[in-house]
Each structure stands twice: as structure tokens, then as C-alpha cells.
$ cat my_file_38.csv   # CSV, C-alpha atoms
chain,number,residue,atom,x,y,z
J,1,MET,CA,30.6,15.0,-24.0
J,2,THR,CA,31.7,17.3,-21.2
J,3,ILE,CA,29.2,19.5,-19.4
J,4,ASN,CA,30.3,22.8,-18.0
J,5,LYS,CA,30.6,22.6,-14.2
J,6,MET,CA,30.6,25.5,-11.7
J,7,PRO,CA,30.4,25.8,-7.9
J,8,LEU,CA,26.8,25.4,-6.7
J,9,THR,CA,25.3,25.7,-3.2
J,10,VAL,CA,22.1,23.8,-2.7
J,11,ALA,CA,20.0,25.1,0.2
J,12,VAL,CA,17.4,22.7,1.5
J,13,VAL,CA,14.9,25.0,3.3
J,14,LEU,CA,12.2,22.5,3.9
J,15,CYS,CA,9.6,24.6,2.1
J,16,LEU,CA,7.1,21.7,2.1
J,17,ALA,CA,7.2,21.5,5.9
J,18,MET,CA,6.7,25.3,6.1
J,19,ALA,CA,3.7,25.1,3.8
J,20,ILE,CA,2.1,22.3,5.8
J,21,SER,CA,2.7,24.1,9.1
J,22,SER,CA,1.1,27.3,7.8
J,23,CYS,CA,-2.2,25.5,7.1
J,24,SER,CA,-2.3,23.0,9.9
J,25,PRO,CA,-1.5,23.3,13.7
J,26,ARG,CA,-0.4,19.6,13.7
J,27,PHE,CA,2.9,20.4,12.0
J,28,ALA,CA,5.7,22.8,12.8
J,29,LEU,CA,9.0,23.6,11.3
J,30,THR,CA,11.7,22.4,13.7
J,31,GLY,CA,14.8,23.1,11.8
J,32,ALA,CA,16.6,23.7,8.5
J,33,SER,CA,19.9,22.5,7.0
J,34,LYS,CA,22.0,22.9,3.9
J,35,LYS,CA,24.7,21.0,2.2
J,36,GLU,CA,27.1,22.1,-0.5
J,37,TYR,CA,27.8,20.0,-3.6
J,38,ARG,CA,30.7,21.1,-5.7
J,39,MET,CA,30.3,20.7,-9.4
J,40,ASP,CA,33.7,21.0,-11.1
J,41,ALA,CA,36.2,18.9,-12.9
J,42,SER,CA,36.6,16.6,-10.0
J,43,LEU,CA,33.2,15.0,-10.7
J,44,PRO,CA,32.9,12.4,-13.5
J,45,ASP,CA,30.6,13.1,-16.4
J,46,ASP,CA,27.1,11.7,-16.2
J,47,ARG,CA,26.6,10.2,-19.6
J,48,GLY,CA,22.9,9.8,-19.0
J,49,VAL,CA,22.5,13.5,-18.4
J,50,ALA,CA,24.7,14.2,-21.4
J,51,GLN,CA,22.6,12.0,-23.7
J,52,GLU,CA,19.4,13.8,-22.5
J,53,TYR,CA,20.9,17.2,-23.0
J,54,LEU,CA,22.7,16.6,-26.3
J,55,PRO,CA,19.7,16.8,-28.7
J,56,TYR,CA,18.5,20.1,-27.2
J,57,LYS,CA,22.1,21.5,-27.4
J,58,ARG,CA,22.4,20.6,-31.0
J,59,GLN,CA,19.0,22.2,-31.8
J,60,LEU,CA,19.9,25.4,-29.9
J,61,ASP,CA,23.4,25.6,-31.5
J,62,SER,CA,21.8,25.2,-34.9
J,63,ALA,CA,19.5,28.2,-34.3
J,64,MET,CA,22.1,30.4,-32.6
J,65,ASN,CA,24.8,29.8,-35.2
J,66,ILE,CA,22.7,31.2,-38.1
J,67,VAL,CA,24.5,34.2,-39.7
J,68,VAL,CA,22.2,37.2,-40.1
J,69,GLY,CA,24.8,39.8,-41.3
J,70,THR,CA,28.3,41.1,-41.3
J,71,SER,CA,30.0,43.9,-39.5
J,72,ASP,CA,33.0,45.8,-41.0
J,73,GLN,CA,34.1,46.8,-37.5
J,74,HIS,CA,34.3,45.4,-34.0
J,75,LEU,CA,31.5,47.3,-32.3
J,76,THR,CA,32.5,48.1,-28.7
J,77,LYS,CA,31.3,50.2,-25.8
J,78,PRO,CA,34.2,51.4,-23.7
J,79,TYR,CA,33.0,53.0,-20.5
J,80,ASP,CA,35.5,55.8,-20.7
J,81,SER,CA,34.1,57.0,-24.0
J,82,ALA,CA,31.2,59.4,-24.2
J,83,GLU,CA,30.2,58.0,-27.6
J,84,THR,CA,30.7,54.4,-28.8
J,85,LEU,CA,30.3,52.4,-32.0
J,86,LEU,CA,28.1,49.8,-30.3
J,87,GLY,CA,25.9,52.5,-28.7
J,88,ASP,CA,25.4,54.3,-32.0
J,89,PHE,CA,24.6,51.1,-33.8
J,90,PHE,CA,22.2,49.9,-31.2
J,91,CYS,CA,20.2,53.2,-30.9
J,92,GLU,CA,20.2,53.9,-34.7
J,93,ALA,CA,18.9,50.4,-35.4
J,94,LEU,CA,16.1,50.8,-32.8
J,95,MET,CA,15.1,54.2,-34.2
J,96,GLN,CA,14.8,52.7,-37.7
J,97,GLN,CA,12.7,49.8,-36.5
J,98,ALA,CA,10.4,52.0,-34.4
J,99,ARG,CA,9.7,54.1,-37.4
J,100,GLN,CA,8.8,51.0,-39.4
J,101,LEU,CA,6.3,50.2,-36.7
J,102,GLY,CA,4.7,53.6,-37.1
J,103,ALA,CA,6.3,55.5,-34.2
J,104,ALA,CA,8.0,58.8,-34.6
J,105,PRO,CA,10.7,59.0,-31.9
J,106,ASP,CA,12.9,62.1,-31.5
J,107,ILE,CA,15.4,60.4,-29.2
J,108,CYS,CA,16.5,56.9,-28.4
J,109,LEU,CA,18.2,56.0,-25.1
J,110,ALA,CA,19.9,52.9,-23.8
J,111,THR,CA,22.6,52.3,-21.2
J,112,LYS,CA,26.1,50.9,-21.5
J,113,GLY,CA,25.3,48.4,-18.8
J,114,GLY,CA,22.3,47.1,-20.7
J,115,LEU,CA,24.4,46.2,-23.7
J,116,ARG,CA,25.9,43.0,-22.5
J,117,ALA,CA,28.3,42.1,-25.2
J,118,ASP,CA,30.3,43.6,-28.1
J,119,LEU,CA,29.5,42.6,-31.7
J,120,PRO,CA,32.6,41.2,-33.5
J,121,ARG,CA,34.0,42.2,-36.8
J,122,GLY,CA,32.9,39.8,-39.4
J,123,PRO,CA,29.8,37.4,-39.4
J,124,ILE,CA,27.1,38.3,-36.9
J,125,THR,CA,25.1,35.3,-35.7
J,126,VAL,CA,21.8,35.1,-33.9
J,127,GLY,CA,23.7,34.0,-30.9
J,128,LYS,CA,25.8,37.1,-30.8
J,129,VAL,CA,22.7,39.3,-30.9
J,130,TYR,CA,21.3,37.3,-28.0
J,131,GLU,CA,24.5,37.9,-26.1
J,132,LEU,CA,24.2,41.6,-26.7
J,133,MET,CA,20.6,41.7,-25.6
J,134,PRO,CA,19.8,38.6,-23.6
J,135,PHE,CA,16.7,40.1,-21.9
J,136,GLU,CA,13.0,40.0,-23.0
J,137,ASN,CA,12.7,43.8,-23.0
J,138,GLU,CA,10.3,45.4,-25.5
J,139,LEU,CA,10.4,48.7,-27.3
J,140,VAL,CA,8.5,51.6,-25.6
J,141,THR,CA,8.0,55.2,-26.5
J,142,VAL,CA,7.7,57.8,-23.7
J,143,THR,CA,6.4,61.3,-24.1
J,144,LEU,CA,8.7,63.8,-22.4
J,145,LYS,CA,8.1,67.5,-21.5
J,146,ALA,CA,10.9,70.0,-21.1
J,147,PRO,CA,11.8,69.2,-17.4
J,148,GLU,CA,12.1,65.5,-18.2
J,149,VAL,CA,14.2,66.2,-21.4
J,150,ARG,CA,16.5,68.3,-19.3
J,151,LYS,CA,16.8,65.5,-16.7
J,152,LEU,CA,17.5,63.1,-19.5
J,153,LEU,CA,20.3,65.3,-21.0
J,154,ASP,CA,21.8,65.7,-17.5
J,155,PHE,CA,21.7,62.0,-16.9
J,156,ILE,CA,23.7,61.3,-20.0
J,157,ALA,CA,26.1,64.0,-19.0
J,158,ALA,CA,26.5,63.0,-15.4
J,159,SER,CA,27.2,59.4,-16.4
J,160,GLY,CA,29.8,60.4,-18.9
J,161,GLY,CA,27.7,59.5,-22.0
J,162,GLN,CA,25.3,56.8,-22.8
J,163,PRO,CA,24.1,55.1,-26.0
J,164,GLU,CA,21.7,57.5,-27.7
J,165,ALA,CA,20.4,58.7,-31.0
J,166,GLY,CA,18.7,62.0,-32.0
J,167,ILE,CA,20.7,64.1,-29.5
J,168,ARG,CA,23.9,66.2,-30.1
J,169,MET,CA,25.4,67.7,-26.9
J,170,THR,CA,28.5,68.7,-25.1
J,171,ILE,CA,29.3,67.5,-21.6
J,172,ARG,CA,30.9,70.3,-19.4
J,173,ALA,CA,31.4,69.7,-15.7
J,174,LYS,CA,29.0,66.7,-15.9
J,175,LYS,CA,26.3,68.9,-17.3
J,176,ALA,CA,24.7,69.0,-20.8
J,177,VAL,CA,25.3,72.1,-22.8
J,178,ASP,CA,24.7,73.2,-26.4
J,179,ALA,CA,22.1,70.4,-26.8
J,180,SER,CA,20.2,69.9,-30.0
J,181,ILE,CA,17.5,67.3,-30.8
J,182,GLY,CA,16.8,66.2,-34.4
J,183,GLY,CA,19.3,68.7,-35.7
J,184,ARG,CA,17.5,71.7,-34.0
J,185,PRO,CA,18.2,73.4,-30.6
J,186,PHE,CA,16.4,71.9,-27.7
J,187,ASN,CA,13.0,73.6,-27.6
J,188,GLU,CA,11.6,73.8,-24.1
J,189,ASN,CA,8.1,74.6,-25.4
J,190,ARG,CA,7.4,71.3,-27.1
J,191,PRO,CA,7.1,67.6,-26.1
J,192,TYR,CA,9.6,65.0,-27.3
J,193,ILE,CA,9.1,61.3,-28.0
J,194,LEU,CA,11.7,59.1,-26.3
J,195,LEU,CA,12.3,55.6,-27.6
J,196,THR,CA,13.7,53.1,-25.1
J,197,TYR,CA,12.7,49.7,-23.6
J,198,ASP,CA,10.3,48.8,-20.9
J,199,TYR,CA,13.0,48.2,-18.2
J,200,LEU,CA,14.3,51.7,-18.5
J,201,ALA,CA,10.9,53.3,-18.9
J,202,THR,CA,9.9,52.0,-15.5
J,203,GLY,CA,12.6,54.2,-13.9
J,204,ALA,CA,15.5,51.7,-13.7
J,205,GLU,CA,19.2,52.7,-14.0
J,206,HIS,CA,18.6,56.1,-12.2
J,207,LEU,CA,15.9,57.1,-14.7
J,208,ASP,CA,13.2,57.4,-12.1
J,209,PHE,CA,11.9,60.6,-13.8
J,210,LEU,CA,10.5,58.4,-16.5
J,211,ARG,CA,8.3,56.5,-14.2
J,212,GLY,CA,4.6,57.3,-14.7
J,213,LEU,CA,5.0,59.3,-17.9
J,214,PRO,CA,2.7,58.6,-20.9
J,215,GLN,CA,4.0,55.4,-22.7
J,216,GLN,CA,3.2,53.5,-25.8
J,217,HIS,CA,4.3,49.8,-26.1
J,218,LEU,CA,5.4,48.9,-29.7
J,219,HIS,CA,5.0,45.2,-29.0
J,220,LYS,CA,8.4,44.2,-30.3
J,221,LYS,CA,11.3,42.9,-28.4
J,222,VAL,CA,14.5,44.9,-28.6
J,223,ARG,CA,16.4,41.7,-29.6
J,224,ASP,CA,14.0,41.1,-32.5
J,225,ALA,CA,14.3,44.7,-33.6
J,226,LEU,CA,18.1,44.3,-33.8
J,227,LEU,CA,17.9,41.1,-35.7
J,228,ASP,CA,15.4,42.5,-38.2
J,229,HIS,CA,17.6,45.6,-38.7
J,230,ILE,CA,20.7,43.4,-39.5
J,231,ARG,CA,18.7,41.2,-41.8
J,232,GLN,CA,17.4,44.2,-43.7
J,233,GLN,CA,20.9,45.5,-44.1
J,234,THR,CA,22.0,42.1,-45.4
J,235,ALA,CA,19.0,42.0,-47.8
J,236,ALA,CA,20.1,45.4,-49.2
J,237,ASN,CA,23.7,44.0,-49.7
J,238,LYS,CA,25.0,46.2,-46.9
J,239,ASN,CA,27.3,45.4,-44.1
J,240,ILE,CA,27.1,47.0,-40.7
J,241,ASN,CA,29.4,50.0,-41.1
J,242,ILE,CA,29.0,52.8,-38.6
J,243,GLN,CA,31.3,55.6,-37.5
J,244,THR,CA,31.1,57.7,-34.4
J,245,ASP,CA,29.9,61.2,-35.4
J,246,GLY,CA,30.6,63.4,-32.4
J,247,ARG,CA,27.1,63.4,-31.2
J,248,VAL,CA,28.4,63.5,-27.6
J,249,THR,CA,31.6,65.4,-26.9
J,250,VAL,CA,33.4,66.3,-23.6
J,251,ASP,CA,34.7,69.8,-22.9
J,252,THR,CA,37.7,69.3,-20.6
J,253,ARG,CA,38.4,73.0,-20.2
$ encode --input "my_file_38.csv" --output "C-alpha cells"
Amino acid sequence: MTINKMPLTVAVVLCLAMAISSCSPRFALTGASKKEYRMDASLPDDRGVAQEYLPYKRQLDSAMNIVVGTSDQHLTKPYDSAETLLGDFFCEALMQQARQLGAAPDICLATKGGLRADLPRGPITVGKVYELMPFENELVTVTLKAPEVRKLLDFIAASGGQPEAGIRMTIRAKKAVDASIGGRPFNENRPYILLTYDYLATGAEHLDFLRGLPQQHLHKKVRDALLDHIRQQTAANKNINIQTDGRVTVDTR
């Protein structure tokens, strides 16, 4: 068995000596050193390590290779497209799952950078969903008032489009125009419920205007929501089949 190898720098910082010196005047750190060990094809395989690792790898592969559904398309997220197949699938799946949990989101938002892998055409395995969302993020709803909704729309516009559901808008000169939410014109006199995940809700990815707003945790991981959505589609004898619908367009005039 061959174990993947990669360059690795091991820094020996003498943490123990530092800890001892911090609590006792009898010891003091006098120096630190490091040594690089290259781990690549030039090193022979360690069969002992391989034998220890193999049972866990087999168990993990068995779980990750389970097929949960089928996609009729290759779901991608090109950065130069305001709307993408993968982004539409991702946000529509989360909206459906949030409603099953009793939430009533008006909008769903993710970011292209947060979607870490495409979903291939054909069988979708558990492992592919883990590649798409490898993080432990959980679903969160955030209550937005008009100023925050406007900032959200302009964030989507300024970044050239992001994965979203519930919004239809045009990007003109990196600003959002002609926006509607839930099929109705944006109403500045009512609050809206945003569905996202905890990482973004804390203000990451230039979404600092979300920080400190009223939130409700749905106690479900994003990855689990995606898996449940795909399994439900499969149970209903449906493949993943989604088309972009013009929810975000760019006016180049």
C-alpha cells in the first residue's frame, strides 16, 4: 500500500521547556531549532504504518462511497457567472430543508468560495457531498431589516453574483437594481428572514453587517441538510435536475 506523501516542515519549538520556565525560575528557554523532513516518493513505505492505517481507510471508504442520489448535470460554480447551477442547487436544497425544520426563510445566501467542489453528473456519493461542504457549519436564520437587506443585495452585486435563493435582481454598475424577494418587489417596511450558515452569520466573507443581528440556530449541519435533500429526491424517484432561471442577471449597458 502506498501512502500519499507531501512536503512537511516539522518545527521543534521546545514548548515543554517554555511551559516549565513560565512556572519555575529554575528553568529558562535558551534556544530553539527546527529540522525539515521531506515526505515524498524518495522515502520507502512504512508497512507498519500502512497496516495500522488500512482498516480505518477501508471503513472510511465504505462510508464515503455510498451513493445517495444521481445528478442529470455537472453542477458547477464558475466565478465569472452571476448565477450557477451549483449555487442554485445548494441554496434551494437548504431552503427546502429549513422549511422542514419549521423555519420560514425568505432568502438563502452562500458564497462561491464556501462551495469547495463541484457535483459530478451521475452518481452522487456521500464523499462528494463532503468535498462540496467539508466544514462543520450549521444552518442559521438571521432577521434582517431594510438597511441590512440593501447591504446584502449590494454585496451580491458588488461580488458579481453569489449563490442565493429567494431573490431576483439585476446587477448594474456593481449595484443591485430591480430587486424582488419571494416574487414581490423588495419592501423596505418589513423584515426578512435570511437563511445561511453560522460562519457567514458571524460576519465572515465581508458580511460584517450580519454580525450581532437576531439569529436562530436550526441545529442541523449544512452537509447533513444537503445529504437529506438528495436522499429525499432519490426516495421520490427524482434525479437532481436544476436549470438556472435568470434570478441574477447582469446589465452590461
$ residues_around --input "my_file_38.csv" --residues "J:Gln96" --least-positions-apart "3" --cutoff "10 Å" --atoms "all atoms listed in the file" --output "ChimeraX atom specification"
/J:91-93,99-101,103-105,225-226,229
$ closest_atom_pairs --input "my_file_38.csv" --of "stretch 71-163 of chain J" --to "stretch 172-180 of chain J" --cutoff "10 Å" --atoms "all atoms listed in the file" --output "CSV"
residue,atom,partner,partner_atom,distance
J:Arg150,CA,J:Ala176,CA,8.4
J:Lys151,CA,J:Ala176,CA,9.6
J:Leu152,CA,J:Ala176,CA,9.4
J:Leu153,CA,J:Ala176,CA,5.8
J:Asp154,CA,J:Ala176,CA,5.5
J:Phe155,CA,J:Lys175,CA,8.3
J:Ile156,CA,J:Ala176,CA,7.8
J:Ala157,CA,J:Lys174,CA,5.0
J:Ala158,CA,J:Lys174,CA,4.5
J:Ser159,CA,J:Lys174,CA,7.5
J:Gly160,CA,J:Lys174,CA,7.0
J:Gly161,CA,J:Lys174,CA,9.5
$ closest_residue --input "my_file_38.csv" --among "J:Ser62, J:Glu205, J:His219, J:Asp46" --to "J:Lys112" --atoms "only C-alpha atoms"
J:Glu205
$ atom_distance --input "my_file_38.csv" --atom1 "atom CA of J:Ala110" --atom2 "atom CA of J:Leu210"
13.1 Å
$ atom_distance --input "my_file_38.csv" --atom1 "atom CA of J:Leu144" --atom2 "atom CA of J:Asp106"
10.2 Å
$ residues_near_point --input "my_file_38.csv" --point "(18.6, 40.0, -25.5)" --cutoff "12 Å" --atoms "all atoms listed in the file" --output "MDAnalysis selection string"
chainID J and resid 90 114:117 126:138 197 221:227
$ closest_residue --input "my_file_38.csv" --among "J:Ala236, J:Met95, J:Ile167, J:Leu119" --to "J:Leu195" --atoms "only C-alpha atoms"
J:Met95
$ closest_residue --input "my_file_38.csv" --among "J:Leu139, J:Gly102, J:Val250, J:Gly87" --to "J:Asp118" --atoms "only C-alpha atoms"
J:Gly87
$ closest_residue --input "my_file_38.csv" --among "J:Tyr199, J:Gly48, J:Asp80, J:Tyr56" --to "J:Leu109" --atoms "only C-alpha atoms"
J:Tyr199
$ atom_distance --input "my_file_38.csv" --atom1 "atom CA of J:Thr111" --atom2 "atom CA of J:Pro191"
22.3 Å
$ closest_residue --input "my_file_38.csv" --among "J:Glu148, J:His74, J:Arg247, J:Gly31" --to "J:Gly183" --atoms "only C-alpha atoms"
J:Arg247
